[in-house]
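What follows is a short report on a single structure.
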Amino acid sequence: MLKQKLSTIFLKGKRKYYWAVFLLLFTWFWFSLPSQLFSDPTSTILEDNQGHLLAAKIATDGQWRFPESDSIPAKYATAVRYFEDEYFHYHLGVNPVSLFRALRQNLSSDEIISGGSTITMQLIRLSRKGKERSYWEKLIEVILATRLELSYSKKEILNLYASHAPFGGNVVGLEAASWRYYGRSAHLLSWGEVATLAVLPNAPSLIYPGKNQEKLLEKRNRLLDKLQQNGVLTEEDGMLAKAEPLPNKPFPLPQITPHLLDRLAAEGKEGQRVNSTIQLSLQEKLNELVDRYHTSLAQNEVHNAAILVLDVKSGKVLAYVGNTNCPEEESGSKVDIITSKRSTGSTLKPFLFASMLEEGMILPNALVEDIPTRISGYAPQNFDRSYDGAVPASNALTRSLNIPAVKMLQDYGIQQFYKNLGELELKSINKGANHYGLSLILGGAESSLWELCRGYYFMAQKLNGQEITSIQYAANQNQEEKLLPSFSKGSIYQTFDVLTGVNRPNEEGAWKVFESSRTIAWKTGTSFGQRDAWAIGVTPEYVVGVWAGNADGEGRPGLTGIQVAAPILFNAFNYLPETSWFSEPEKELKTIETCAVSGYRVSLSCPQTKYIKTTIMGMNFPVCTFHKKIHLDNTGNYRVNSNCYSIDEMNEQSWFVLPPVQEWYYKTKNPGYKSLPPIHPNCAGASEKMMEMIYPKEGLKLFVPKNLDGTLSKSIFEVAHRRTEAEIYWYLDEDYLGTTKRLHQKEILTTEGFHKLTLVDEDGNMIEKTIEFVGR
């Protein structure tokens, strides 16, 4: 009895031991498979919005290894299954028949000549990084392959194998092999090409495209015969596949958007597959456009250019041409110009124009001053070094005149304008308003093509009445909502409307006509020294930005926005679908009556008027003070008054009168301008401002360069007079310097310190100014 009980206890203990061992082995088996089979670095892959390859960057370990794919072509799946593992769909990771056959062959030959491995076992061997082949290693592969089949589907296993199989040299995976050996996607390969790639992983070190062609051809054709025998291929298909040539020299991978690829890699997308918003067909056309222009620009030693195209409605980047395709290393073609900081030139002027319209500080055609100007030592110049005296604000914008822009910024306020640029997300302009000063509006700040286009894009979105969002260039990017409180639809519409003219003056003053069948708001810009040429165009559907120049900042003659960038801009628009124009925001614009000449709100003295639309704040703009009521004698040649002439014989007229300096320059550009008639001789004593200093201004401290001997060099002074034929007498202190007629300029040589300058015309009109001369 006791013996029986002991025997029962022993058997129960033995069973528990077996169960414990079983559970331990099962636990080991279940957790034996790594959670991640492969951790190799992968290439960075950029695709267009339809999944087509745009560009690729080699993995950090020097291998062309694409990120794992979730599918492979059916042709390849069939070919590799018939070559490597015909019963792939019928086993659980191990084919006992193949394994036994391989074992028998190896034992009979005293060396390992056959592995008998299934695709699943080969995948395990690949993940174990080429461990030395042995029976023990084969046992591990059997166990792990079985375990793998319990967690992965057959499709997943085949995809993993295709993604990590070696294809010779530094090519890993089917996708990389397809592009390197055939220059296209694996889904576009023929049966002959698929069969070639199906046999390569079997011996990648021995059979390498371009070498051992006979061995590679024999293996491929043997596989094609098998596919034909099994009814996968017809006899004709098999013959055609065998006639296909083998690959030779590897193809370079596409580099259609290399700069966007580098940008994404730098933003943390290294080693990933990125689906972008790029339209492949448009990108290729614009790449070709830039290369075509580069051929001619290179003759002037201009080597770099960029184009950015944004879809206003969706907020997506449609094309990203970061630079030219110049092969010369020193050309700077590897620089992503789209994100590079460059002098903005005149591209910020529309933002200022819209800001002033918004605040009612300007009307579209109101005259602004354009005369020689010096502000706290800063003396801006127009591009052509000429002056208009006074010019409509809209004309100053389209002609990109610098002096009116500086005066407008001075009136508007640098701090507020700097704040507005922040709303438009020109983030590179970040050193504070005082750092830039008034030069901010003339290219004194640096920004990028990306930021400038984004500013215009925000304005276009607001004018469309849509939600303002951030720009998207990768499919999985979140679009953040933005606000634009400093600009209304009304001010944006009027600004864009001014910028629609296709006639613009170039730097010589001649007008250039750009052919365009569509309405585009566009602005050009040229930086100091002709280093940067800009052009940005806007429609309700698109924003297109163009930059041309040299990445190293070298300026070149003729490198201007109007000559170089604008033609590229209009050609780029020709590749885009038909566009429309913005709807006028009627609720945000009011109709007012203005003076047809001055552009100010109409006064009682304005002889001709014009009705225009303006922003709500524009209704408070000042009335015209340029038109004045004057009285002429019966000949119309002299001005008179009631103290010296009969009221009954007076003729009252409205006369357009500019201040003397403005008038001096205005007459040179407007031959129809009539100066005020002189005062009748019998009306002596009537006072008016006949002369005005152009340079220097009153209270100015004049810095004069010193000669080598320590004396001061000569300074050129200039004055404007209403009467063209007037003669002016010049005095410095008590010394008579001479006279001037018509062109009233005088070179003056003096000493350091305070000196009094006196000017008198033949009618006794006088100007006196005290000026401090400081040597430097």
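Residue numbers start at 1 in each chain; chains themselves are named A, B, ... in the order of the structure tokens; ligands are numbered from 1 in the order shown.
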Who sits within 8 Å of A:Thr751, only C-alpha atoms, same chain under 3 positions skipped, as a VMD selection string: chain A and resid 711 to 712 773
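Contact shell of A:Met239 at 12 Å (only C-alpha atoms; same-chain neighbours under 6 positions omitted): A:Trp191, A:Gly192, A:Asn221, A:Leu224, A:Asp225, A:Leu227, A:Gln228, A:Leu233.
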Env of A:Gly422: 12 Å cut, atoms = only C-alpha atoms, seq-sep filter 3 positions within chain, self excluded. Answer as a PyMOL selection string. chain A and resi 351+415-419+425-433+447+451-452+454-455+482-486
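Comparing A:Ala243, A:Ala55, A:Val406, A:Leu589 by their smallest distance to A:Gln283, the closest is A:Ala55 (using only C-alpha atoms).
Atom CA of A:Ser386 is positioned 12.6 Å from atom CA of A:Lys667.
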So that I can check the secondary structure, give me every residue of stretch 328-492 of chain A assigned helix (DSSP H, G or I) by backbone DSSP, as JSON, numbers by chain. {"A": [329, 330, 331, 337, 338, 339, 349, 350, 351, 352, 353, 354, 355, 356, 357, 358, 393, 394, 395, 396, 397, 398, 402, 403, 404, 405, 406, 407, 408, 409, 410, 411, 412, 414, 415, 416, 417, 418, 419, 420, 421, 422, 423, 433, 434, 435, 436, 437, 438, 439, 440, 441, 442, 449, 450, 451, 452, 453, 454, 455, 456, 457, 458, 459, 460, 461, 462, 463, 464, 489, 490, 491, 492]}
Nearby residues (only C-alpha atoms) at most 6 Å from stretch 364-376 of chain A, same-chain spacing under 5 positions excluded, as an NGL selection string: :A and (387-394 or 403-404 or 598-600)
Selection near A:Ile592, 8 Å with only C-alpha atoms, sequence-local residues under 5 positions removed, as a PyMOL selection string: chain A and resi 601+611-614+619
Test item: residues at most 8 Å from A:Ser400, only C-alpha atoms, excluding those fewer than 4 positions along its chain, as a short mmCIF file (atom, residue, chain, number, x, y, z; two decimals) with N, CA, C and O atoms, in the first residue's frame:
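Below is the file part.cif, written as the result:
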```cif
data_model
loop_
_atom_site.label_atom_id
_atom_site.label_comp_id
_atom_site.auth_asym_id
_atom_site.auth_seq_id
_atom_site.Cartn_x
_atom_site.Cartn_y
_atom_site.Cartn_z
N SER A 346 12.86 94.71 -53.10
CA SER A 346 11.61 95.47 -53.02
C SER A 346 10.39 94.60 -52.75
O SER A 346 9.26 95.06 -52.86
N LYS A 349 7.49 95.80 -50.33
CA LYS A 349 6.74 97.03 -50.59
C LYS A 349 5.23 96.81 -50.67
O LYS A 349 4.46 97.64 -50.16
N ALA A 396 4.28 104.30 -57.89
CA ALA A 396 5.53 104.09 -57.14
C ALA A 396 5.71 102.62 -56.79
O ALA A 396 6.83 102.09 -56.79
N GLY A 525 11.79 92.26 -57.40
CA GLY A 525 12.70 92.88 -56.45
C GLY A 525 14.14 92.64 -56.87
O GLY A 525 14.44 91.60 -57.47
#
```
Using only C-alpha atoms, which protein or nucleic acid residues come within 10 Å of A:Phe167? Drop anything in the same chain fewer than 4 positions from it, and give the result as an mmCIF file with N, CA, C and O atoms, in the first residue's frame.
```
data_model
loop_
_atom_site.group_PDB
_atom_site.id
_atom_site.type_symbol
_atom_site.label_atom_id
_atom_site.label_comp_id
_atom_site.auth_asym_id
_atom_site.auth_seq_id
_atom_site.Cartn_x
_atom_site.Cartn_y
_atom_site.Cartn_z
ATOM 1 N N VAL A 171 23.241 47.157 -52.780
ATOM 2 C CA VAL A 171 21.805 47.213 -53.069
ATOM 3 C C VAL A 171 21.090 46.149 -52.243
ATOM 4 O O VAL A 171 21.395 44.961 -52.334
ATOM 5 N N VAL A 172 20.152 46.606 -51.428
ATOM 6 C CA VAL A 172 19.384 45.706 -50.562
ATOM 7 C C VAL A 172 17.899 45.961 -50.789
ATOM 8 O O VAL A 172 17.446 47.107 -50.746
ATOM 9 N N GLY A 173 17.150 44.901 -51.020
ATOM 10 C CA GLY A 173 15.711 45.025 -51.173
ATOM 11 C C GLY A 173 15.278 45.187 -52.619
ATOM 12 O O GLY A 173 16.006 45.713 -53.461
ATOM 13 N N LEU A 174 14.071 44.701 -52.889
ATOM 14 C CA LEU A 174 13.546 44.689 -54.251
ATOM 15 C C LEU A 174 13.406 46.093 -54.834
ATOM 16 O O LEU A 174 13.773 46.341 -55.979
ATOM 17 N N ALA A 176 14.943 48.956 -54.141
ATOM 18 C CA ALA A 176 16.239 49.548 -54.469
ATOM 19 C C ALA A 176 16.838 48.873 -55.694
ATOM 20 O O ALA A 176 17.397 49.541 -56.576
ATOM 21 N N ALA A 177 16.727 47.547 -55.764
ATOM 22 C CA ALA A 177 17.279 46.806 -56.908
ATOM 23 C C ALA A 177 16.575 47.190 -58.202
ATOM 24 O O ALA A 177 17.209 47.349 -59.253
ATOM 25 N N SER A 178 15.262 47.334 -58.157
ATOM 26 C CA SER A 178 14.507 47.691 -59.348
ATOM 27 C C SER A 178 14.948 49.048 -59.895
ATOM 28 O O SER A 178 15.151 49.213 -61.101
ATOM 29 N N ARG A 180 17.875 50.635 -59.163
ATOM 30 C CA ARG A 180 19.297 50.646 -59.491
ATOM 31 C C ARG A 180 19.599 49.887 -60.789
ATOM 32 O O ARG A 180 20.454 50.297 -61.563
ATOM 33 N N TYR A 181 18.880 48.777 -61.030
ATOM 34 C CA TYR A 181 19.210 47.954 -62.191
ATOM 35 C C TYR A 181 18.332 48.215 -63.409
ATOM 36 O O TYR A 181 18.727 47.914 -64.532
ATOM 37 N N LEU A 197 15.680 39.542 -60.968
ATOM 38 C CA LEU A 197 15.769 39.968 -59.573
ATOM 39 C C LEU A 197 15.379 38.851 -58.615
ATOM 40 O O LEU A 197 15.841 38.832 -57.473
ATOM 41 N N ALA A 198 14.550 37.910 -59.059
ATOM 42 C CA ALA A 198 14.139 36.800 -58.190
ATOM 43 C C ALA A 198 15.306 35.859 -57.901
ATOM 44 O O ALA A 198 15.395 35.277 -56.816
ATOM 45 N N VAL A 199 16.238 35.719 -58.870
ATOM 46 C CA VAL A 199 17.348 34.781 -58.678
ATOM 47 C C VAL A 199 18.563 35.435 -58.026
ATOM 48 O O VAL A 199 19.443 34.731 -57.521
ATOM 49 N N LEU A 200 18.633 36.765 -58.030
ATOM 50 C CA LEU A 200 19.827 37.441 -57.517
ATOM 51 C C LEU A 200 20.118 37.159 -56.042
ATOM 52 O O LEU A 200 21.275 36.905 -55.687
ATOM 53 N N PRO A 201 19.154 37.228 -55.125
ATOM 54 C CA PRO A 201 19.481 37.036 -53.701
ATOM 55 C C PRO A 201 20.060 35.659 -53.392
ATOM 56 O O PRO A 201 20.686 35.470 -52.353
ATOM 57 N N ASN A 202 19.883 34.676 -54.292
ATOM 58 C CA ASN A 202 20.396 33.331 -54.068
ATOM 59 C C ASN A 202 21.913 33.318 -54.000
ATOM 60 O O ASN A 202 22.501 32.528 -53.249
ATOM 61 N N ALA A 203 22.560 34.205 -54.742
ATOM 62 C CA ALA A 203 24.027 34.302 -54.708
ATOM 63 C C ALA A 203 24.443 35.700 -55.130
ATOM 64 O O ALA A 203 25.025 35.894 -56.197
ATOM 65 N N PRO A 204 24.156 36.696 -54.331
ATOM 66 C CA PRO A 204 24.422 38.075 -54.736
ATOM 67 C C PRO A 204 25.897 38.395 -54.912
ATOM 68 O O PRO A 204 26.252 39.261 -55.697
ATOM 69 N N SER A 205 26.771 37.727 -54.184
ATOM 70 C CA SER A 205 28.196 38.028 -54.299
ATOM 71 C C SER A 205 28.800 37.414 -55.557
ATOM 72 O O SER A 205 29.822 37.890 -56.048
ATOM 73 N N ILE A 207 26.749 36.450 -58.440
ATOM 74 C CA ILE A 207 26.010 36.901 -59.624
ATOM 75 C C ILE A 207 25.687 38.367 -59.447
ATOM 76 O O ILE A 207 24.763 38.729 -58.718
ATOM 77 N N TYR A 208 26.447 39.202 -60.096
ATOM 78 C CA TYR A 208 26.291 40.652 -59.949
ATOM 79 C C TYR A 208 26.065 41.241 -61.325
ATOM 80 O O TYR A 208 26.795 40.941 -62.260
ATOM 81 N N PRO A 209 25.006 42.044 -61.483
ATOM 82 C CA PRO A 209 24.744 42.647 -62.800
ATOM 83 C C PRO A 209 25.970 43.349 -63.342
ATOM 84 O O PRO A 209 26.594 44.146 -62.667
#
```
